[in-house]
>>> print(open('work.txt').read())   # compact mmCIF, N, CA and C atoms
# COMPACT_ATOMS: atom_id res chain seq x y z
N MET D 217 0.81 -1.19 0.00
CA MET D 217 0.00 0.00 0.00
C MET D 217 0.86 1.26 0.00
N HIS D 218 2.00 1.15 0.64
CA HIS D 218 2.95 2.27 0.72
C HIS D 218 3.37 2.73 -0.68
N TYR D 219 3.67 1.77 -1.54
CA TYR D 219 4.14 2.11 -2.88
C TYR D 219 3.01 2.63 -3.78
N VAL D 220 1.79 2.21 -3.53
CA VAL D 220 0.66 2.69 -4.31
C VAL D 220 0.43 4.17 -4.04
N VAL D 221 0.46 4.55 -2.77
CA VAL D 221 0.26 5.95 -2.41
C VAL D 221 1.39 6.81 -2.93
N LEU D 222 2.63 6.36 -2.76
CA LEU D 222 3.76 7.13 -3.27
C LEU D 222 3.76 7.19 -4.79
N GLY D 223 3.30 6.12 -5.44
CA GLY D 223 3.17 6.15 -6.90
C GLY D 223 2.15 7.17 -7.36
N ALA D 224 1.05 7.29 -6.63
CA ALA D 224 0.04 8.31 -6.96
C ALA D 224 0.59 9.71 -6.76
N PHE D 225 1.35 9.92 -5.68
CA PHE D 225 1.95 11.22 -5.43
C PHE D 225 2.98 11.57 -6.50
N ILE D 226 3.77 10.59 -6.92
CA ILE D 226 4.77 10.83 -7.96
C ILE D 226 4.08 11.13 -9.30
N ALA D 227 2.97 10.44 -9.58
CA ALA D 227 2.22 10.72 -10.81
C ALA D 227 1.67 12.14 -10.79
N PHE D 228 1.18 12.59 -9.63
CA PHE D 228 0.70 13.97 -9.52
C PHE D 228 1.84 14.96 -9.72
N ALA D 229 3.00 14.68 -9.14
CA ALA D 229 4.15 15.57 -9.29
C ALA D 229 4.60 15.64 -10.74
N LEU D 230 4.59 14.52 -11.43
CA LEU D 230 4.95 14.52 -12.85
C LEU D 230 3.92 15.28 -13.68
N ALA D 231 2.64 15.19 -13.31
CA ALA D 231 1.60 15.95 -14.03
C ALA D 231 1.81 17.45 -13.85
N VAL D 232 2.21 17.87 -12.66
CA VAL D 232 2.49 19.29 -12.42
C VAL D 232 3.67 19.74 -13.27
N ALA D 233 4.74 18.92 -13.30
CA ALA D 233 5.92 19.28 -14.09
C ALA D 233 5.60 19.30 -15.59
N ILE D 234 4.83 18.35 -16.05
CA ILE D 234 4.48 18.31 -17.48
C ILE D 234 3.59 19.48 -17.85
N SER D 235 2.67 19.87 -16.97
CA SER D 235 1.85 21.04 -17.27
C SER D 235 2.69 22.30 -17.32
N GLY D 236 3.76 22.37 -16.52
CA GLY D 236 4.68 23.49 -16.60
C GLY D 236 5.44 23.53 -17.91
N VAL D 237 5.84 22.37 -18.40
CA VAL D 237 6.53 22.30 -19.70
C VAL D 237 5.59 22.71 -20.82
N VAL D 238 4.34 22.24 -20.75
CA VAL D 238 3.35 22.62 -21.77
C VAL D 238 3.12 24.13 -21.74
N GLU D 239 3.08 24.70 -20.54
CA GLU D 239 2.88 26.14 -20.44
C GLU D 239 4.06 26.91 -21.00
N LEU D 240 5.27 26.43 -20.77
CA LEU D 240 6.44 27.11 -21.33
C LEU D 240 6.48 27.02 -22.84
N LEU D 241 6.07 25.88 -23.40
CA LEU D 241 6.15 25.69 -24.85
C LEU D 241 5.02 26.36 -25.61
N THR D 242 3.80 26.33 -25.05
CA THR D 242 2.65 26.83 -25.80
C THR D 242 2.02 28.08 -25.21
N GLY D 243 2.28 28.38 -23.94
CA GLY D 243 1.66 29.52 -23.30
C GLY D 243 0.28 29.22 -22.73
N TRP D 244 -0.14 27.95 -22.79
CA TRP D 244 -1.46 27.57 -22.30
C TRP D 244 -1.43 27.47 -20.78
N ILE D 245 -2.42 28.10 -20.12
CA ILE D 245 -2.54 28.07 -18.67
C ILE D 245 -3.86 27.39 -18.33
N HIS D 246 -3.88 26.65 -17.22
CA HIS D 246 -5.12 26.00 -16.79
C HIS D 246 -6.23 27.03 -16.65
N PRO D 247 -7.46 26.66 -16.99
CA PRO D 247 -8.56 27.63 -16.92
C PRO D 247 -8.78 28.21 -15.52
N TRP D 248 -8.55 27.44 -14.48
CA TRP D 248 -8.78 27.95 -13.12
C TRP D 248 -7.67 28.87 -12.64
N GLU D 249 -6.58 28.98 -13.41
CA GLU D 249 -5.48 29.86 -13.02
C GLU D 249 -5.33 31.08 -13.94
N ARG D 250 -6.10 31.15 -14.99
CA ARG D 250 -5.92 32.21 -15.99
C ARG D 250 -6.14 33.60 -15.43
N ALA D 251 -7.06 33.77 -14.53
CA ALA D 251 -7.36 35.10 -14.00
C ALA D 251 -6.26 35.60 -13.07
N ARG D 252 -5.54 34.69 -12.42
CA ARG D 252 -4.54 35.10 -11.44
C ARG D 252 -3.13 35.22 -12.01
N VAL D 253 -2.81 34.48 -13.06
CA VAL D 253 -1.45 34.48 -13.59
C VAL D 253 -1.27 35.66 -14.54
N LEU D 254 -0.32 36.53 -14.22
CA LEU D 254 -0.06 37.69 -15.04
C LEU D 254 1.19 37.53 -15.90
N ARG D 255 2.11 36.66 -15.47
CA ARG D 255 3.33 36.40 -16.24
C ARG D 255 3.48 34.89 -16.41
N PRO D 256 3.23 34.37 -17.61
CA PRO D 256 3.20 32.91 -17.79
C PRO D 256 4.57 32.23 -17.75
N VAL D 257 5.64 32.91 -18.10
CA VAL D 257 6.95 32.24 -18.12
C VAL D 257 7.43 31.87 -16.72
N PRO D 258 7.41 32.79 -15.74
CA PRO D 258 7.80 32.36 -14.39
C PRO D 258 6.84 31.33 -13.80
N HIS D 259 5.57 31.39 -14.21
CA HIS D 259 4.61 30.42 -13.71
C HIS D 259 4.93 29.02 -14.24
N GLY D 260 5.23 28.92 -15.53
CA GLY D 260 5.59 27.63 -16.11
C GLY D 260 6.87 27.07 -15.53
N LEU D 261 7.87 27.93 -15.37
CA LEU D 261 9.13 27.48 -14.78
C LEU D 261 8.92 27.08 -13.32
N GLY D 262 8.07 27.81 -12.62
CA GLY D 262 7.77 27.45 -11.24
C GLY D 262 7.07 26.11 -11.13
N GLN D 263 6.18 25.82 -12.07
CA GLN D 263 5.51 24.52 -12.06
C GLN D 263 6.50 23.40 -12.35
N VAL D 264 7.42 23.63 -13.25
CA VAL D 264 8.43 22.61 -13.55
C VAL D 264 9.28 22.34 -12.32
N LEU D 265 9.73 23.40 -11.65
CA LEU D 265 10.57 23.23 -10.47
C LEU D 265 9.78 22.60 -9.32
N THR D 266 8.54 23.01 -9.13
CA THR D 266 7.72 22.45 -8.07
C THR D 266 7.46 20.96 -8.30
N GLY D 267 7.11 20.61 -9.52
CA GLY D 267 6.87 19.20 -9.84
C GLY D 267 8.13 18.36 -9.72
N SER D 268 9.27 18.91 -10.12
CA SER D 268 10.54 18.19 -9.98
C SER D 268 10.91 18.00 -8.52
N GLY D 269 10.70 19.04 -7.72
CA GLY D 269 11.00 18.93 -6.30
C GLY D 269 10.12 17.90 -5.60
N LEU D 270 8.83 17.91 -5.92
CA LEU D 270 7.93 16.91 -5.33
C LEU D 270 8.29 15.50 -5.77
N CYS D 271 8.64 15.34 -7.04
CA CYS D 271 9.03 14.03 -7.55
C CYS D 271 10.30 13.53 -6.86
N CYS D 272 11.26 14.41 -6.67
CA CYS D 272 12.49 14.05 -5.99
C CYS D 272 12.21 13.70 -4.52
N PHE D 273 11.36 14.48 -3.88
CA PHE D 273 11.04 14.26 -2.48
C PHE D 273 10.30 12.95 -2.28
N PHE D 274 9.27 12.69 -3.09
CA PHE D 274 8.52 11.45 -2.95
C PHE D 274 9.33 10.25 -3.43
N GLY D 275 10.19 10.46 -4.42
CA GLY D 275 11.06 9.37 -4.87
C GLY D 275 12.04 8.94 -3.80
N ALA D 276 12.47 9.88 -2.98
CA ALA D 276 13.37 9.53 -1.88
C ALA D 276 12.67 8.62 -0.88
N PHE D 277 11.37 8.83 -0.66
CA PHE D 277 10.64 7.96 0.24
C PHE D 277 10.29 6.62 -0.40
N ALA D 278 10.09 6.61 -1.70
CA ALA D 278 9.70 5.37 -2.38
C ALA D 278 10.86 4.39 -2.48
N PHE D 279 12.05 4.89 -2.75
CA PHE D 279 13.18 3.99 -2.98
C PHE D 279 14.10 3.86 -1.77
N THR D 280 13.95 4.68 -0.78
CA THR D 280 14.74 4.70 0.45
C THR D 280 16.21 4.37 0.23
N PRO D 281 16.96 5.33 -0.30
CA PRO D 281 18.39 5.11 -0.48
C PRO D 281 19.10 5.06 0.88
N SER D 282 20.28 4.48 0.87
CA SER D 282 21.01 4.32 2.13
C SER D 282 21.99 5.48 2.33
N GLY D 283 22.39 5.65 3.56
CA GLY D 283 23.40 6.65 3.90
C GLY D 283 22.87 8.07 3.82
N ASN D 284 23.73 8.96 3.39
CA ASN D 284 23.37 10.37 3.30
C ASN D 284 22.59 10.72 2.05
N ALA D 285 22.39 9.76 1.16
CA ALA D 285 21.68 10.03 -0.08
C ALA D 285 20.22 10.39 0.18
N LEU D 286 19.61 9.81 1.22
CA LEU D 286 18.23 10.13 1.55
C LEU D 286 18.10 11.59 1.94
N PHE D 287 18.99 12.05 2.81
CA PHE D 287 18.92 13.45 3.23
C PHE D 287 19.29 14.40 2.10
N SER D 288 20.19 13.99 1.24
CA SER D 288 20.55 14.84 0.10
C SER D 288 19.37 14.97 -0.87
N LEU D 289 18.70 13.87 -1.17
CA LEU D 289 17.54 13.91 -2.06
C LEU D 289 16.41 14.72 -1.46
N MET D 290 16.20 14.57 -0.17
CA MET D 290 15.15 15.35 0.48
C MET D 290 15.48 16.84 0.48
N ALA D 291 16.75 17.18 0.69
CA ALA D 291 17.15 18.59 0.69
C ALA D 291 17.03 19.19 -0.71
N VAL D 292 17.44 18.45 -1.73
CA VAL D 292 17.32 18.94 -3.11
C VAL D 292 15.85 19.09 -3.49
N GLY D 293 15.03 18.11 -3.11
CA GLY D 293 13.60 18.19 -3.40
C GLY D 293 12.94 19.37 -2.71
N ALA D 294 13.31 19.61 -1.45
CA ALA D 294 12.74 20.75 -0.73
C ALA D 294 13.19 22.07 -1.34
N GLY D 295 14.45 22.14 -1.76
CA GLY D 295 14.95 23.36 -2.40
C GLY D 295 14.26 23.65 -3.72
N LEU D 296 14.08 22.62 -4.55
CA LEU D 296 13.39 22.80 -5.82
C LEU D 296 11.94 23.19 -5.60
N PHE D 297 11.29 22.56 -4.62
CA PHE D 297 9.90 22.89 -4.32
C PHE D 297 9.77 24.34 -3.84
N LEU D 298 10.68 24.77 -2.99
CA LEU D 298 10.63 26.14 -2.48
C LEU D 298 10.87 27.16 -3.60
N ALA D 299 11.86 26.89 -4.46
CA ALA D 299 12.14 27.80 -5.57
C ALA D 299 10.96 27.86 -6.53
N GLY D 300 10.33 26.72 -6.82
CA GLY D 300 9.17 26.71 -7.70
C GLY D 300 7.99 27.43 -7.12
N THR D 301 7.77 27.27 -5.81
CA THR D 301 6.66 27.96 -5.16
C THR D 301 6.86 29.47 -5.18
N VAL D 302 8.10 29.91 -5.00
CA VAL D 302 8.40 31.34 -5.06
C VAL D 302 8.14 31.88 -6.47
N LEU D 303 8.55 31.13 -7.50
CA LEU D 303 8.31 31.57 -8.87
C LEU D 303 6.82 31.62 -9.21
N VAL D 304 6.05 30.66 -8.73
CA VAL D 304 4.61 30.70 -8.97
C VAL D 304 4.00 31.91 -8.28
N GLY D 305 4.48 32.23 -7.09
CA GLY D 305 3.99 33.43 -6.41
C GLY D 305 4.38 34.70 -7.12
N VAL D 306 5.60 34.75 -7.66
CA VAL D 306 6.07 35.94 -8.38
C VAL D 306 5.26 36.14 -9.65
N SER D 307 4.80 35.06 -10.27
CA SER D 307 4.07 35.18 -11.54
C SER D 307 2.70 35.84 -11.35
N ARG D 308 2.26 35.99 -10.13
CA ARG D 308 0.94 36.60 -9.87
C ARG D 308 1.03 38.09 -9.59
N PHE D 309 2.24 38.63 -9.51
CA PHE D 309 2.41 40.07 -9.34
C PHE D 309 2.55 40.74 -10.70
N PRO D 310 2.01 41.94 -10.87
CA PRO D 310 2.11 42.61 -12.17
C PRO D 310 3.54 43.00 -12.48
N ASP D 311 3.85 43.01 -13.76
CA ASP D 311 5.17 43.43 -14.21
C ASP D 311 5.27 44.94 -14.16
N ARG D 312 6.47 45.44 -13.96
CA ARG D 312 6.64 46.90 -13.85
C ARG D 312 6.68 47.56 -15.18
>>> encode(input="work.txt", output="structure tokens")
Amino acid sequence: MHYVVLGAFIAFALAVAISGVVELLTGWIHPWERARVLRPVPHGLGQVLTGSGLCCFFGAFAFTPSGNALFSLMAVGAGLFLAGTVLVGVSRFPDR
């Protein structure tokens, strides 16, 4: 059951990252986010980083590496997630 839940979380993280790539390539934004997003490029990059960070974080729990690799993967995942969240927040402020 542990792997099923983590597999669902990883699939969600990959969907977030793929939607960020689609947004960067085509400029398409989800309909529920169109009113709030003012700058699509930082939003797409933020989604890619957020999805990558979540995938790295959940992957560390799914495969449980030994030694310091677990903490390194969790730290990298948390850093990517934080950077992506900041970029998504920045994309909602108007450009000067």
>>> atom_distance(input="work.txt", atom1="CA of Gly223 (chain D)", atom2="atom C of Gln263 (chain D)")
18.4 Å
>>> atom_distance(input="work.txt", atom1="CA of Ser235 (chain D)", atom2="atom C of Gly295 (chain D)")
18.6 Å
>>> closest_residue(input="work.txt", among="D:Val221, D:Glu249, D:Leu261, D:Val302", to="Val237 (chain D)", atoms="only N, CA and C atoms")
D:Leu261
>>> atom_distance(input="work.txt", atom1="CA of Leu289 (chain D)", atom2="CA of Phe273 (chain D)")
6.5 Å
>>> closest_residue(input="work.txt", among="D:Gly260, D:Cys271, D:Ala224, D:Tyr219", to="Val304 (chain D)", atoms="only N, CA and C atoms")
D:Gly260
>>> axis_aligned_box(input="work.txt", around="region 227-234 of chain D", padding_each_side="5 Å", output="JSON")
{"center_x": 3.3, "center_y": 15.1, "center_z": -13.5, "size_x": 15.2, "size_y": 19.3, "size_z": 18.7}
>>> select_by_dssp(input="work.txt", residues="chain D", states="helix (DSSP H, G or I)", output="count of residues only")
71
>>> residues_around(input="work.txt", residues="Val232 (chain D)", least_positions_apart="6", cutoff="9 Å", atoms="only C-alpha atoms", output="PyMOL selection string")
chain D and resi 263-264+266-268
>>> closest_residue(input="work.txt", among="D:Val292, D:Ala229, D:Val306, D:Leu286", to="Arg255 (chain D)", atoms="all atoms listed in the file")
D:Val306
>>> residues_around(input="work.txt", residues="Leu303 (chain D)", least_positions_apart="6", cutoff="6 Å", atoms="all atoms listed in the file", output="short mmCIF file (atom, residue, chain, number, x, y, z; two decimals) with N, CA and C atoms, keeping the file's coordinate frame")
data_model
loop_
_atom_site.label_atom_id
_atom_site.label_comp_id
_atom_site.auth_asym_id
_atom_site.auth_seq_id
_atom_site.Cartn_x
_atom_site.Cartn_y
_atom_site.Cartn_z
N PRO D 258 7.41 32.79 -15.74
CA PRO D 258 7.80 32.36 -14.39
C PRO D 258 6.84 31.33 -13.80
N HIS D 259 5.57 31.39 -14.21
CA HIS D 259 4.61 30.42 -13.71
C HIS D 259 4.93 29.02 -14.24
N GLY D 262 8.07 27.81 -12.62
CA GLY D 262 7.77 27.45 -11.24
C GLY D 262 7.07 26.11 -11.13
#
>>> closest_residue(input="work.txt", among="D:Phe287, D:His246, D:Leu265, D:Cys272", to="Ala233 (chain D)", atoms="only C-alpha atoms")
D:Leu265
>>> decode(input="work.txt", residues="region 217-309 of chain D", atoms="C-alpha atoms", output="PDB file, in the first residue's frame")
ATOM      1  CA  MET D 217       0.000   0.000   0.000  1.00  0.00           C
ATOM      2  CA  HIS D 218       2.948   2.268   0.722  1.00  0.00           C
ATOM      3  CA  TYR D 219       4.137   2.107  -2.882  1.00  0.00           C
ATOM      4  CA  VAL D 220       0.664   2.689  -4.314  1.00  0.00           C
ATOM      5  CA  VAL D 221       0.256   5.947  -2.408  1.00  0.00           C
ATOM      6  CA  LEU D 222       3.761   7.127  -3.268  1.00  0.00           C
ATOM      7  CA  GLY D 223       3.169   6.152  -6.896  1.00  0.00           C
ATOM      8  CA  ALA D 224       0.038   8.307  -6.961  1.00  0.00           C
ATOM      9  CA  PHE D 225       1.950  11.222  -5.429  1.00  0.00           C
ATOM     10  CA  ILE D 226       4.775  10.830  -7.964  1.00  0.00           C
ATOM     11  CA  ALA D 227       2.225  10.715 -10.807  1.00  0.00           C
ATOM     12  CA  PHE D 228       0.697  13.965  -9.518  1.00  0.00           C
ATOM     13  CA  ALA D 229       4.150  15.571  -9.287  1.00  0.00           C
ATOM     14  CA  LEU D 230       4.947  14.515 -12.853  1.00  0.00           C
ATOM     15  CA  ALA D 231       1.604  15.946 -14.030  1.00  0.00           C
ATOM     16  CA  VAL D 232       2.489  19.291 -12.421  1.00  0.00           C
ATOM     17  CA  ALA D 233       5.918  19.279 -14.089  1.00  0.00           C
ATOM     18  CA  ILE D 234       4.479  18.306 -17.480  1.00  0.00           C
ATOM     19  CA  SER D 235       1.850  21.037 -17.275  1.00  0.00           C
ATOM     20  CA  GLY D 236       4.683  23.495 -16.601  1.00  0.00           C
ATOM     21  CA  VAL D 237       6.534  22.302 -19.696  1.00  0.00           C
ATOM     22  CA  VAL D 238       3.350  22.625 -21.770  1.00  0.00           C
ATOM     23  CA  GLU D 239       2.878  26.138 -20.436  1.00  0.00           C
ATOM     24  CA  LEU D 240       6.437  27.106 -21.329  1.00  0.00           C
ATOM     25  CA  LEU D 241       6.152  25.691 -24.845  1.00  0.00           C
ATOM     26  CA  THR D 242       2.650  26.829 -25.800  1.00  0.00           C
ATOM     27  CA  GLY D 243       1.662  29.521 -23.295  1.00  0.00           C
ATOM     28  CA  TRP D 244      -1.460  27.571 -22.300  1.00  0.00           C
ATOM     29  CA  ILE D 245      -2.540  28.065 -18.672  1.00  0.00           C
ATOM     30  CA  HIS D 246      -5.115  25.999 -16.794  1.00  0.00           C
ATOM     31  CA  PRO D 247      -8.560  27.633 -16.923  1.00  0.00           C
ATOM     32  CA  TRP D 248      -8.781  27.947 -13.124  1.00  0.00           C
ATOM     33  CA  GLU D 249      -5.477  29.862 -13.021  1.00  0.00           C
ATOM     34  CA  ARG D 250      -5.922  32.207 -15.988  1.00  0.00           C
ATOM     35  CA  ALA D 251      -7.358  35.103 -14.001  1.00  0.00           C
ATOM     36  CA  ARG D 252      -4.538  35.104 -11.440  1.00  0.00           C
ATOM     37  CA  VAL D 253      -1.448  34.478 -13.593  1.00  0.00           C
ATOM     38  CA  LEU D 254      -0.058  37.692 -15.044  1.00  0.00           C
ATOM     39  CA  ARG D 255       3.329  36.397 -16.240  1.00  0.00           C
ATOM     40  CA  PRO D 256       3.202  32.913 -17.794  1.00  0.00           C
ATOM     41  CA  VAL D 257       6.952  32.244 -18.119  1.00  0.00           C
ATOM     42  CA  PRO D 258       7.798  32.365 -14.393  1.00  0.00           C
ATOM     43  CA  HIS D 259       4.613  30.415 -13.711  1.00  0.00           C
ATOM     44  CA  GLY D 260       5.585  27.628 -16.110  1.00  0.00           C
ATOM     45  CA  LEU D 261       9.129  27.484 -14.782  1.00  0.00           C
ATOM     46  CA  GLY D 262       7.765  27.451 -11.236  1.00  0.00           C
ATOM     47  CA  GLN D 263       5.515  24.520 -12.056  1.00  0.00           C
ATOM     48  CA  VAL D 264       8.432  22.608 -13.551  1.00  0.00           C
ATOM     49  CA  LEU D 265      10.570  23.225 -10.470  1.00  0.00           C
ATOM     50  CA  THR D 266       7.716  22.449  -8.069  1.00  0.00           C
ATOM     51  CA  GLY D 267       6.873  19.196  -9.844  1.00  0.00           C
ATOM     52  CA  SER D 268      10.536  18.186  -9.985  1.00  0.00           C
ATOM     53  CA  GLY D 269      10.999  18.932  -6.302  1.00  0.00           C
ATOM     54  CA  LEU D 270       7.932  16.914  -5.331  1.00  0.00           C
ATOM     55  CA  CYS D 271       9.026  14.027  -7.546  1.00  0.00           C
ATOM     56  CA  CYS D 272      12.489  14.049  -5.986  1.00  0.00           C
ATOM     57  CA  PHE D 273      11.038  14.265  -2.479  1.00  0.00           C
ATOM     58  CA  PHE D 274       8.518  11.447  -2.951  1.00  0.00           C
ATOM     59  CA  GLY D 275      11.061   9.375  -4.868  1.00  0.00           C
ATOM     60  CA  ALA D 276      13.375   9.527  -1.878  1.00  0.00           C
ATOM     61  CA  PHE D 277      10.639   7.961   0.244  1.00  0.00           C
ATOM     62  CA  ALA D 278       9.705   5.374  -2.383  1.00  0.00           C
ATOM     63  CA  PHE D 279      13.181   3.994  -2.978  1.00  0.00           C
ATOM     64  CA  THR D 280      14.738   4.695   0.452  1.00  0.00           C
ATOM     65  CA  PRO D 281      18.390   5.105  -0.482  1.00  0.00           C
ATOM     66  CA  SER D 282      21.011   4.324   2.130  1.00  0.00           C
ATOM     67  CA  GLY D 283      23.402   6.653   3.895  1.00  0.00           C
ATOM     68  CA  ASN D 284      23.366  10.373   3.303  1.00  0.00           C
ATOM     69  CA  ALA D 285      21.677  10.031  -0.079  1.00  0.00           C
ATOM     70  CA  LEU D 286      18.230  10.127   1.551  1.00  0.00           C
ATOM     71  CA  PHE D 287      18.922  13.449   3.230  1.00  0.00           C
ATOM     72  CA  SER D 288      20.549  14.836   0.100  1.00  0.00           C
ATOM     73  CA  LEU D 289      17.544  13.913  -2.064  1.00  0.00           C
ATOM     74  CA  MET D 290      15.146  15.351   0.480  1.00  0.00           C
ATOM     75  CA  ALA D 291      17.152  18.588   0.686  1.00  0.00           C
ATOM     76  CA  VAL D 292      17.318  18.935  -3.110  1.00  0.00           C
ATOM     77  CA  GLY D 293      13.599  18.193  -3.397  1.00  0.00           C
ATOM     78  CA  ALA D 294      12.736  20.745  -0.734  1.00  0.00           C
ATOM     79  CA  GLY D 295      14.946  23.365  -2.399  1.00  0.00           C
ATOM     80  CA  LEU D 296      13.389  22.797  -5.819  1.00  0.00           C
ATOM     81  CA  PHE D 297       9.900  22.893  -4.325  1.00  0.00           C
ATOM     82  CA  LEU D 298      10.627  26.142  -2.483  1.00  0.00           C
ATOM     83  CA  ALA D 299      12.136  27.797  -5.571  1.00  0.00           C
ATOM     84  CA  GLY D 300       9.173  26.707  -7.704  1.00  0.00           C
ATOM     85  CA  THR D 301       6.661  27.957  -5.164  1.00  0.00           C
ATOM     86  CA  VAL D 302       8.396  31.344  -5.059  1.00  0.00           C
ATOM     87  CA  LEU D 303       8.313  31.574  -8.870  1.00  0.00           C
ATOM     88  CA  VAL D 304       4.609  30.699  -8.971  1.00  0.00           C
ATOM     89  CA  GLY D 305       3.987  33.431  -6.408  1.00  0.00           C
ATOM     90  CA  VAL D 306       6.072  35.939  -8.383  1.00  0.00           C
ATOM     91  CA  SER D 307       4.066  35.183 -11.536  1.00  0.00           C
ATOM     92  CA  ARG D 308       0.941  36.603  -9.873  1.00  0.00           C
ATOM     93  CA  PHE D 309       2.412  40.073  -9.339  1.00  0.00           C
TER      94      PHE D 309
END
